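What follows is the content of final_13.cif, which has mmCIF, C-alpha atoms:
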data_data
loop_
_atom_site.label_atom_id
_atom_site.label_comp_id
_atom_site.auth_asym_id
_atom_site.auth_seq_id
_atom_site.Cartn_x
_atom_site.Cartn_y
_atom_site.Cartn_z
CA MET P 125 29.28 101.37 -3.26
CA ILE P 126 30.13 98.15 -1.44
CA LYS P 127 27.82 95.34 -2.46
CA PRO P 128 27.38 91.80 -1.13
CA LEU P 129 27.74 88.73 -3.34
CA GLU P 130 25.47 85.72 -3.45
CA VAL P 131 27.70 82.91 -2.22
CA PRO P 132 26.56 79.28 -1.80
CA LEU P 133 27.20 77.80 1.65
CA ASN P 134 29.97 75.24 1.36
CA PRO P 135 32.67 74.70 4.02
CA ASN P 136 35.08 73.28 1.43
CA PRO P 137 34.43 75.08 -1.88
CA LEU P 138 36.56 74.36 -4.92
CA VAL P 139 39.61 76.62 -5.18
CA SER P 140 41.22 77.14 -8.59
CA VAL P 141 44.94 77.90 -8.53
CA ILE P 142 46.11 79.41 -11.82
CA CYS P 143 49.88 79.08 -11.98
CA LEU P 144 51.57 81.25 -14.62
CA SER P 145 54.97 80.21 -15.92
CA PHE P 146 57.29 82.16 -18.19
CA ASN P 147 60.92 81.00 -18.30
CA HIS P 148 60.65 79.63 -14.76
CA GLU P 149 62.50 76.37 -15.26
CA LYS P 150 64.50 76.89 -12.05
CA PHE P 151 61.46 77.36 -9.84
CA VAL P 152 58.31 75.93 -11.41
CA LEU P 153 58.48 72.51 -9.76
CA GLU P 154 58.78 74.06 -6.28
CA SER P 155 55.74 76.19 -7.00
CA LEU P 156 53.63 73.33 -8.34
CA HIS P 157 54.56 70.97 -5.52
CA SER P 158 53.60 73.66 -3.00
CA VAL P 159 50.06 73.55 -4.43
CA MET P 160 49.86 69.77 -4.39
CA ALA P 161 51.07 69.74 -0.77
CA GLN P 162 48.13 71.80 0.49
CA SER P 163 46.21 70.53 3.50
CA TYR P 164 43.00 71.83 1.91
CA PRO P 165 41.15 68.99 0.13
CA ASN P 166 39.38 70.65 -2.80
CA ILE P 167 41.82 72.26 -5.26
CA GLU P 168 41.94 72.61 -9.04
CA LEU P 169 45.40 73.41 -10.43
CA ILE P 170 45.62 75.03 -13.85
CA VAL P 171 49.12 75.70 -15.21
CA VAL P 172 49.61 78.13 -18.08
CA ASP P 173 52.97 78.46 -19.80
CA ASP P 174 53.20 81.84 -21.49
CA GLY P 175 55.45 80.97 -24.42
CA SER P 176 58.57 80.09 -22.41
CA LYS P 177 61.87 79.76 -24.29
CA ASP P 178 63.53 77.62 -21.62
CA LYS P 179 62.68 74.09 -20.46
CA SER P 180 59.67 75.10 -18.38
CA PRO P 181 57.08 73.44 -20.67
CA GLU P 182 58.90 70.12 -20.65
CA ILE P 183 59.25 70.22 -16.86
CA ILE P 184 55.54 70.97 -16.48
CA GLU P 185 54.59 68.17 -18.88
CA ARG P 186 56.56 65.64 -16.83
CA PHE P 187 54.88 66.96 -13.67
CA VAL P 188 51.44 66.50 -15.23
CA GLU P 189 52.29 62.88 -16.04
CA ASP P 190 52.50 62.29 -12.28
CA TYR P 191 49.42 64.43 -11.56
CA PRO P 192 47.02 63.86 -14.48
CA GLN P 193 44.29 65.86 -12.72
CA VAL P 194 46.33 69.02 -13.33
CA LYS P 195 45.31 71.05 -16.38
CA PHE P 196 48.13 72.39 -18.55
CA LYS P 197 47.74 75.07 -21.20
CA ARG P 198 50.81 75.84 -23.30
CA LEU P 199 50.61 79.11 -25.22
CA SER P 200 52.47 79.18 -28.51
CA ARG P 201 53.80 82.70 -27.94
CA ASN P 202 54.30 85.07 -25.03
CA ARG P 203 51.06 87.00 -24.51
CA GLY P 204 51.79 88.65 -21.15
CA ASN P 205 50.49 88.01 -17.64
CA CYS P 206 46.97 89.34 -18.18
CA ALA P 207 46.18 87.29 -21.29
CA ALA P 208 47.90 84.19 -19.90
CA PHE P 209 45.91 84.42 -16.67
CA ASN P 210 42.65 84.86 -18.58
CA ALA P 211 43.43 81.74 -20.63
CA GLY P 212 43.56 79.77 -17.38
CA PHE P 213 40.68 81.67 -15.80
CA ARG P 214 38.36 80.66 -18.63
CA GLU P 215 38.95 77.03 -17.60
CA ALA P 216 38.51 77.61 -13.87
CA LYS P 217 35.58 76.00 -12.07
CA GLY P 218 36.39 77.09 -8.51
CA ALA P 219 34.42 79.53 -6.37
CA TYR P 220 37.75 81.10 -5.39
CA ILE P 221 40.81 81.95 -7.47
CA ILE P 222 44.52 82.23 -6.68
CA ASP P 223 46.89 83.82 -9.22
CA LEU P 224 50.23 82.14 -8.51
CA ALA P 225 53.46 82.97 -10.32
CA ALA P 226 55.60 79.91 -11.00
CA ASP P 227 58.47 81.26 -8.91
CA ASP P 228 56.36 81.80 -5.76
CA LYS P 229 55.27 79.16 -3.24
CA LEU P 230 52.39 78.50 -0.89
CA PHE P 231 52.81 77.14 2.62
CA PRO P 232 50.91 73.86 3.23
CA HIS P 233 48.19 75.60 5.27
CA THR P 234 47.76 78.63 2.99
CA ILE P 235 44.54 77.76 1.21
CA SER P 236 42.83 76.28 4.27
CA THR P 237 43.60 79.49 6.19
CA GLN P 238 42.26 81.67 3.38
CA ILE P 239 39.04 79.67 3.11
CA GLN P 240 38.56 79.82 6.88
CA ALA P 241 38.88 83.59 6.62
CA PHE P 242 36.29 83.81 3.84
CA ASN P 243 33.91 81.60 5.81
CA SER P 244 34.16 83.98 8.78
CA ILE P 245 33.48 87.28 6.98
CA SER P 246 30.54 88.77 5.11
CA THR P 247 29.97 88.46 1.38
CA GLU P 248 30.86 92.14 0.98
CA PHE P 249 34.47 90.96 1.03
CA GLY P 250 35.78 90.01 -2.41
CA VAL P 251 39.44 89.43 -1.56
CA VAL P 252 41.52 88.13 1.32
CA PHE P 253 45.27 88.78 1.49
CA SER P 254 48.14 88.24 3.92
CA ASP P 255 51.80 88.88 4.60
CA ALA P 256 54.49 87.14 2.55
CA GLU P 257 57.97 85.89 3.23
CA LEU P 258 60.40 87.29 0.67
CA ILE P 259 62.95 84.79 -0.63
CA ASP P 260 65.86 85.02 -3.05
CA GLU P 261 66.75 82.79 -6.00
CA LYS P 262 68.16 80.18 -3.59
CA SER P 263 64.93 80.19 -1.53
CA ASP P 264 66.71 81.87 1.39
CA LYS P 265 64.57 84.30 3.39
CA ILE P 266 65.46 87.96 2.93
CA GLY P 267 62.57 89.54 4.86
CA ASN P 268 58.80 90.00 4.95
CA PHE P 269 56.56 92.13 2.75
CA TYR P 270 55.26 94.00 5.81
CA LYS P 271 57.76 95.16 8.41
CA ARG P 272 57.60 93.33 11.73
CA ASN P 273 59.42 93.75 15.03
CA HIS P 274 61.65 91.17 16.70
CA LYS P 275 58.55 89.51 18.18
CA GLY P 276 56.95 89.13 14.77
CA LYS P 277 54.36 91.83 15.37
CA LEU P 278 53.43 94.24 12.58
CA ILE P 279 55.10 97.63 12.97
CA ALA P 280 52.35 99.46 11.08
CA GLU P 281 48.67 98.65 10.69
CA VAL P 282 47.68 97.01 7.41
CA PRO P 283 44.43 98.39 5.93
CA SER P 284 41.42 96.07 5.85
CA GLY P 285 37.77 96.52 4.93
CA GLU P 286 36.78 99.36 2.59
CA ILE P 287 40.26 100.22 1.37
CA TYR P 288 39.65 101.65 -2.11
CA ARG P 289 41.36 104.92 -1.16
CA GLN P 290 44.47 103.10 0.11
CA LEU P 291 44.56 100.88 -2.98
CA ILE P 292 44.58 103.77 -5.44
CA ARG P 293 47.15 105.67 -3.36
CA LYS P 294 50.01 103.17 -3.37
CA MET P 295 50.80 99.47 -3.31
CA VAL P 296 49.67 98.13 0.06
CA ILE P 297 49.14 94.47 -0.90
CA CYS P 298 51.51 91.67 -1.86
CA SER P 299 49.68 90.33 -4.93
CA PRO P 300 50.63 86.62 -4.62
CA THR P 301 48.95 86.47 -1.21
CA MET P 302 45.49 87.24 -2.60
CA MET P 303 42.61 84.82 -2.86
CA MET P 304 39.72 86.28 -4.87
CA ARG P 305 36.10 85.31 -5.19
CA LYS P 306 35.58 84.11 -8.75
CA LYS P 307 32.39 86.17 -9.02
CA VAL P 308 34.43 89.34 -8.58
CA LEU P 309 36.66 88.41 -11.50
CA ASP P 310 33.64 87.33 -13.54
CA GLU P 311 32.11 90.76 -12.97
CA LEU P 312 35.32 92.48 -14.09
CA GLY P 313 35.73 90.25 -17.13
CA GLY P 314 39.05 88.93 -15.82
CA TYR P 315 42.20 90.97 -16.23
CA ASP P 316 42.48 93.80 -18.77
CA GLU P 317 44.60 92.28 -21.53
CA SER P 318 45.51 95.68 -22.97
CA LEU P 319 47.69 96.31 -19.89
CA SER P 320 51.22 95.03 -19.28
CA TYR P 321 50.52 94.04 -15.67
CA GLU P 322 47.44 93.22 -13.66
CA ASP P 323 47.44 94.00 -9.95
CA TYR P 324 46.96 97.79 -9.77
CA ASP P 325 44.11 97.64 -12.27
CA PHE P 326 42.46 94.78 -10.37
CA TRP P 327 42.74 96.65 -7.07
CA VAL P 328 41.18 99.78 -8.55
CA ARG P 329 38.26 98.04 -10.22
CA SER P 330 37.48 95.52 -7.47
CA GLY P 331 38.24 97.82 -4.52
CA ARG P 332 35.56 100.25 -5.63
CA ASN P 333 32.82 97.66 -5.03
CA TYR P 334 34.21 95.10 -2.59
CA LYS P 335 35.99 94.97 0.75
CA TYR P 336 39.42 93.42 1.33
CA HIS P 337 40.22 91.32 4.41
CA PHE P 338 43.76 91.15 5.81
CA ILE P 339 44.96 87.90 7.41
CA ASP P 340 47.77 88.68 9.84
CA GLU P 341 49.87 85.65 8.92
CA VAL P 342 52.70 84.85 6.53
CA LEU P 343 51.06 82.53 4.00
CA VAL P 344 53.15 82.83 0.83
CA GLN P 345 56.79 82.84 -0.19
CA LYS P 346 57.36 85.53 -2.81
CA ARG P 347 60.56 85.24 -4.77
CA VAL P 348 62.53 88.41 -5.45
CA ILE P 349 64.65 88.09 -8.59
CA SER P 350 66.51 90.59 -10.71
CA ASN P 351 64.47 90.19 -13.91
CA SER P 352 61.03 90.16 -12.29
CA SER P 353 58.05 92.01 -13.75
CA THR P 354 58.45 94.69 -11.07
CA SER P 355 61.91 95.55 -12.40
CA HIS P 356 60.30 96.57 -15.70
CA PHE P 357 58.98 99.71 -13.99
CA TYR P 358 62.55 101.03 -14.14
CA GLN P 359 62.99 100.38 -17.86
CA LYS P 360 64.50 103.34 -19.65
CA LYS P 361 62.21 104.77 -22.36
CA ASN P 362 59.24 102.99 -23.99
CA ASN P 363 58.18 101.74 -20.56
CA ARG P 364 55.02 99.65 -21.03
CA HIS P 365 54.38 99.39 -17.28
CA LEU P 366 54.26 103.17 -16.89
CA HIS P 367 51.98 103.51 -19.92
CA SER P 368 49.66 100.94 -18.33
CA THR P 369 49.81 102.73 -15.00
CA LEU P 370 48.70 105.98 -16.60
CA ARG P 371 45.67 104.21 -18.05
CA VAL P 372 44.80 102.69 -14.67
CA CYS P 373 45.11 106.11 -13.01
CA TYR P 374 42.56 107.45 -15.48
CA LYS P 375 40.28 104.51 -14.66
CA ALA P 376 40.57 105.36 -10.97
CA PHE P 377 39.89 109.04 -11.68
CA ASP P 378 36.66 108.06 -13.45
CA LEU P 379 35.64 105.87 -10.49
CA ASN P 380 36.48 108.42 -7.80
CA LYS P 381 33.61 110.10 -6.01
CA THR P 382 35.23 112.45 -3.50
CA LYS P 383 37.99 115.02 -3.18
CA THR P 384 39.74 112.76 -0.66
CA GLU P 385 39.85 109.94 -3.21
CA ASN P 386 41.30 112.28 -5.83
CA GLN P 387 43.97 113.37 -3.36
CA ALA P 388 44.82 109.73 -2.68
CA LEU P 389 45.14 109.09 -6.40
CA ALA P 390 47.39 112.16 -6.68
CA VAL P 391 49.97 110.38 -4.50
CA SER P 392 50.22 107.60 -7.07
CA ILE P 393 50.27 110.05 -9.97
CA ARG P 394 53.12 112.07 -8.43
CA TYR P 395 55.19 108.96 -7.79
CA HIS P 396 54.80 107.68 -11.34
CA MET P 397 55.36 111.13 -12.83
CA LYS P 398 58.72 111.25 -11.05
CA LEU P 399 59.50 107.70 -12.15
CA SER P 400 58.69 108.68 -15.73
CA LEU P 401 61.29 111.46 -15.45
CA PHE P 402 63.90 109.24 -13.84
CA THR P 403 63.45 106.57 -16.53
CA GLU P 404 63.44 109.25 -19.25
CA ASN P 405 59.93 108.44 -20.43
CA PHE P 406 59.47 112.17 -21.00
CA PRO P 407 56.09 112.21 -22.81
CA LEU P 408 54.60 110.38 -19.83
CA VAL P 409 55.80 113.10 -17.46
CA ILE P 410 53.57 115.55 -19.30
CA LYS P 411 50.63 113.12 -19.43
CA PHE P 412 50.79 112.34 -15.70
CA PHE P 413 51.02 116.07 -14.96
CA LYS P 414 47.88 116.70 -17.01
CA LEU P 415 45.96 114.20 -14.88
CA LEU P 416 47.50 115.51 -11.66
CA LYS P 417 46.03 118.97 -12.35
CA GLN P 418 42.57 117.39 -12.22
CA THR P 419 43.09 115.63 -8.90
CA ASP P 420 44.99 117.94 -6.54
CA LYS P 421 46.50 121.38 -6.06
CA LEU P 422 49.85 121.66 -7.78
CA LYS P 423 53.06 121.98 -5.81
CA ILE P 424 56.29 123.70 -6.82
CA SER P 425 57.93 120.28 -7.02
CA ASP P 426 55.28 119.16 -9.54
CA ARG P 427 56.13 122.08 -11.81
CA ILE P 428 59.85 121.36 -11.48
CA ILE P 429 59.29 117.74 -12.54
CA LEU P 430 57.22 118.97 -15.51
CA PHE P 431 59.91 121.48 -16.49
CA LEU P 432 62.64 118.82 -16.36
CA GLY P 433 60.46 116.46 -18.40
CA ARG P 434 59.89 119.07 -21.06
CA MET P 435 63.61 119.83 -21.12
CA ARG P 436 64.25 116.07 -21.48
CA PHE P 437 66.68 116.18 -18.59
CA PRO P 438 68.88 113.01 -18.60
CA ALA P 439 67.99 111.85 -15.09
CA ASN P 440 68.39 108.10 -15.51
CA GLY P 441 72.09 107.87 -14.66
CA PRO P 442 71.89 109.89 -11.41
CA TYR P 443 68.73 108.02 -10.41
CA ARG P 444 70.38 104.62 -10.81
CA ILE P 445 73.27 105.76 -8.61
CA TYR P 446 70.82 107.08 -6.00
CA PHE P 447 68.79 103.85 -6.09
CA ARG P 448 71.88 101.69 -5.66
CA LEU P 449 73.14 103.77 -2.72
CA LYS P 450 69.73 103.77 -0.99
CA TYR P 451 68.64 100.18 -1.59
CA GLY P 452 71.96 98.44 -2.22
CA LYS P 453 70.95 96.97 -5.57
CA ARG P 454 70.99 97.82 -9.24
CA ILE P 455 67.95 98.54 -11.42
#

Give the structure from this file in structure tokens form.
Amino acid sequence: MIKPLEVPLNPNPLVSVICLSFNHEKFVLESLHSVMAQSYPNIELIVVDDGSKDKSPEIIERFVEDYPQVKFKRLSRNRGNCAAFNAGFREAKGAYIIDLAADDKLFPHTISTQIQAFNSISTEFGVVFSDAELIDEKSDKIGNFYKRNHKGKLIAEVPSGEIYRQLIRKMVICSPTMMMRKKVLDELGGYDESLSYEDYDFWVRSGRNYKYHFIDEVLVQKRVISNSSTSHFYQKKNNRHLHSTLRVCYKAFDLNKTKTENQALAVSIRYHMKLSLFTENFPLVIKFFKLLKQTDKLKISDRIILFLGRMRFPANGPYRIYFRLKYGKRI
């Protein structure tokens, strides 16, 4: 059930940007300066270093000397994105929250555009999000998150409003582009620290109760690097991301209310069941199949995937070759 929030009227509410750094010495200054360069006047920047082994902490400390209003929390050991974010979130005073990785960047007008969007929509909306420009390690543009034509128009419609069903079905949002109402995160208790990543779980839990508003602009530069968190989904065996995904799928199953929602969830389950096979996380193939039986009618292909998982078919090598041929990059 979508529910409105009580939101105080303020044209320039405080926005808390929580910047998470883990071995980001090459990029962290660009990210931090992009926050300080915002045209929006009311920003709180909280930087959390998640036990980096490179020079990131020293770089951040020198930055804070020039900007003493910036809060810096240095964790003694790596605790993962969810726990690191929560450490910063507990310090946040803003009415709105941005979760910014220290290798991504905001455009100067990003926050002002997001606040304008929130001021123009109802309090049933808990999140605004936008398109992102994808950049490489040299900050060169390599594309956009959403496909656009030569005139810059979106090729496909991006869901907006009550999009719980789309959120549980597959990834439709570029996470760094989100601005969230703090009250939504307060209600959820922040991120679930038992998980290895945060976005899918946040979408499931927040999308059940709140609307999402899409801003048809490119507001963030998201860096695509070889050792990103996303690449961990392709880790062979003992894959923490896939274990976390299974738990989130069960959360979604418990929240679902209709057959259509279960069928949407089945799309995600099938994808991750196949990925479990291809990464040779064989016990997860069986566990995803067990949940799939509760959400949708089984297909012949589902039973084949289950059979190969039970046979412990060595699919990782062929899958890596297929992935490289299709996408032109290694995993």

key: Selection result of the PyMOL selection byres ((chain P and resi 155-164) around 9) on this file, as an MDAnalysis selection string   = chainID P and resid 136 141 143 151:154 165:167 169 171 184 187 191 224:237 239

Ground truth for the PyMOL selection byres ((chain P and resi 332-340) around 8), written as a compact mmCIF listing (two decimals) with C-alpha atoms, in the coordinates of the input:
# COMPACT_ATOMS: atom_id res chain seq x y z
CA MET P 125 29.28 101.37 -3.26
CA ILE P 126 30.13 98.15 -1.44
CA LYS P 127 27.82 95.34 -2.46
CA PRO P 128 27.38 91.80 -1.13
CA GLN P 238 42.26 81.67 3.38
CA ALA P 241 38.88 83.59 6.62
CA GLU P 248 30.86 92.14 0.98
CA PHE P 249 34.47 90.96 1.03
CA GLY P 250 35.78 90.01 -2.41
CA VAL P 251 39.44 89.43 -1.56
CA VAL P 252 41.52 88.13 1.32
CA PHE P 253 45.27 88.78 1.49
CA SER P 254 48.14 88.24 3.92
CA ASP P 255 51.80 88.88 4.60
CA VAL P 282 47.68 97.01 7.41
CA PRO P 283 44.43 98.39 5.93
CA SER P 284 41.42 96.07 5.85
CA GLY P 285 37.77 96.52 4.93
CA GLU P 286 36.78 99.36 2.59
CA ILE P 287 40.26 100.22 1.37
CA TYR P 288 39.65 101.65 -2.11
CA VAL P 328 41.18 99.78 -8.55
CA ARG P 329 38.26 98.04 -10.22
CA SER P 330 37.48 95.52 -7.47
CA GLY P 331 38.24 97.82 -4.52
CA GLU P 341 49.87 85.65 8.92
CA VAL P 342 52.70 84.85 6.53
CA LEU P 379 35.64 105.87 -10.49

Shell around region 292-298 of chain P at 6 Å using only C-alpha atoms, local window under 6 positions removed, as an mmCIF file with C-alpha atoms, in the frame of the given file:
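Generated file (out-v4.cif):
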data_model
loop_
_atom_site.group_PDB
_atom_site.id
_atom_site.type_symbol
_atom_site.label_atom_id
_atom_site.label_comp_id
_atom_site.auth_asym_id
_atom_site.auth_seq_id
_atom_site.Cartn_x
_atom_site.Cartn_y
_atom_site.Cartn_z
ATOM 1 C CA ALA P 388 44.820 109.730 -2.680
ATOM 2 C CA LEU P 389 45.140 109.090 -6.400
ATOM 3 C CA VAL P 391 49.970 110.380 -4.500
ATOM 4 C CA SER P 392 50.220 107.600 -7.070
#

ask   = Looking at P:Tyr395, P:Ile279, P:Asn405, P:Gly441, which one is nearest to Ser425 (chain P), with distances taken over only C-alpha atoms?
value =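 Between P:Tyr395, P:Ile279, P:Asn405, P:Gly441, the residue approaching Ser425 (chain P) most closely is P:Tyr395.
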
inquiry  = I'd like the residues picked by the PyMOL selection byres ((chain P and resi 217-222) around 8) written out as an MDAnalysis selection string, using the chain letters and numbers from the file.
reply    = chainID P and resid 137:142 167:168 215:216 223:224 300 302:307

Selection to disk with C-alpha atoms, as a PDB file, in the frame of the given file:
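Saved as selection-v4.pdb:
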ATOM      1  CA  PRO P 137      34.430  75.080  -1.880  1.00  0.00           C
ATOM      2  CA  LEU P 138      36.560  74.360  -4.920  1.00  0.00           C
ATOM      3  CA  VAL P 139      39.610  76.620  -5.180  1.00  0.00           C
ATOM      4  CA  SER P 140      41.220  77.140  -8.590  1.00  0.00           C
ATOM      5  CA  VAL P 141      44.940  77.900  -8.530  1.00  0.00           C
ATOM      6  CA  ILE P 142      46.110  79.410 -11.820  1.00  0.00           C
ATOM      7  CA  ILE P 167      41.820  72.260  -5.260  1.00  0.00           C
ATOM      8  CA  GLU P 168      41.940  72.610  -9.040  1.00  0.00           C
ATOM      9  CA  GLU P 215      38.950  77.030 -17.600  1.00  0.00           C
ATOM     10  CA  ALA P 216      38.510  77.610 -13.870  1.00  0.00           C
ATOM     11  CA  ASP P 223      46.890  83.820  -9.220  1.00  0.00           C
ATOM     12  CA  LEU P 224      50.230  82.140  -8.510  1.00  0.00           C
ATOM     13  CA  PRO P 300      50.630  86.620  -4.620  1.00  0.00           C
ATOM     14  CA  MET P 302      45.490  87.240  -2.600  1.00  0.00           C
ATOM     15  CA  MET P 303      42.610  84.820  -2.860  1.00  0.00           C
ATOM     16  CA  MET P 304      39.720  86.280  -4.870  1.00  0.00           C
ATOM     17  CA  ARG P 305      36.100  85.310  -5.190  1.00  0.00           C
ATOM     18  CA  LYS P 306      35.580  84.110  -8.750  1.00  0.00           C
ATOM     19  CA  LYS P 307      32.390  86.170  -9.020  1.00  0.00           C
TER      20      LYS P 307
END

ask   = What lies within 12 Å of Lys417 (chain P) using only C-alpha atoms, ignoring chain neighbours under 4 positions off, as a VMD selection string?
value = chain P and resid 377 386 to 387 389 to 390 393 to 394 410 to 413 421 to 423 426 to 427 430

inquiry  = Taking only C-alpha atoms into account, name the residue in P:Arg436, P:Leu415, P:His148, P:Gly313 that is nearest to Arg214 (chain P).
reply    =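 Of P:Arg436, P:Leu415, P:His148, P:Gly313, the one nearest Arg214 (chain P) is P:Gly313, counting only C-alpha atoms.
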
query = Can you tell me how far CA of Ile429 (chain P) sits from CA of Pro442 (chain P), in Å to one decimal?
reply =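 These two atoms are separated by 14.9 Å.
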
query = In Å to one decimal, how far is CA of Gly267 (chain P) from CA of Phe326 (chain P)?
reply =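 So the answer is 25.8 Å.
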
key: Separation of CA of Arg289 (chain P) from CA of Lys361 (chain P) in Å   =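 So the two atoms, CA of Lys361 (chain P) and CA of Arg289 (chain P), lie 29.7 Å apart.
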
message = Which polymer residues, whether protein, DNA or RNA, lie within 10 Å of the coordinate (62.4, 87.9, 4.4) when you count all atoms listed in the file? List them as a ChimeraX atom specification, using the chain letters and numbers from the file.
response = /P:256-260,264-271,345-348

Nearest to Gly314 (chain P), chosen from P:Asp420, P:Cys206, P:Ile428, P:Pro181, with all atoms listed in the file counted in the distances = P:Cys206
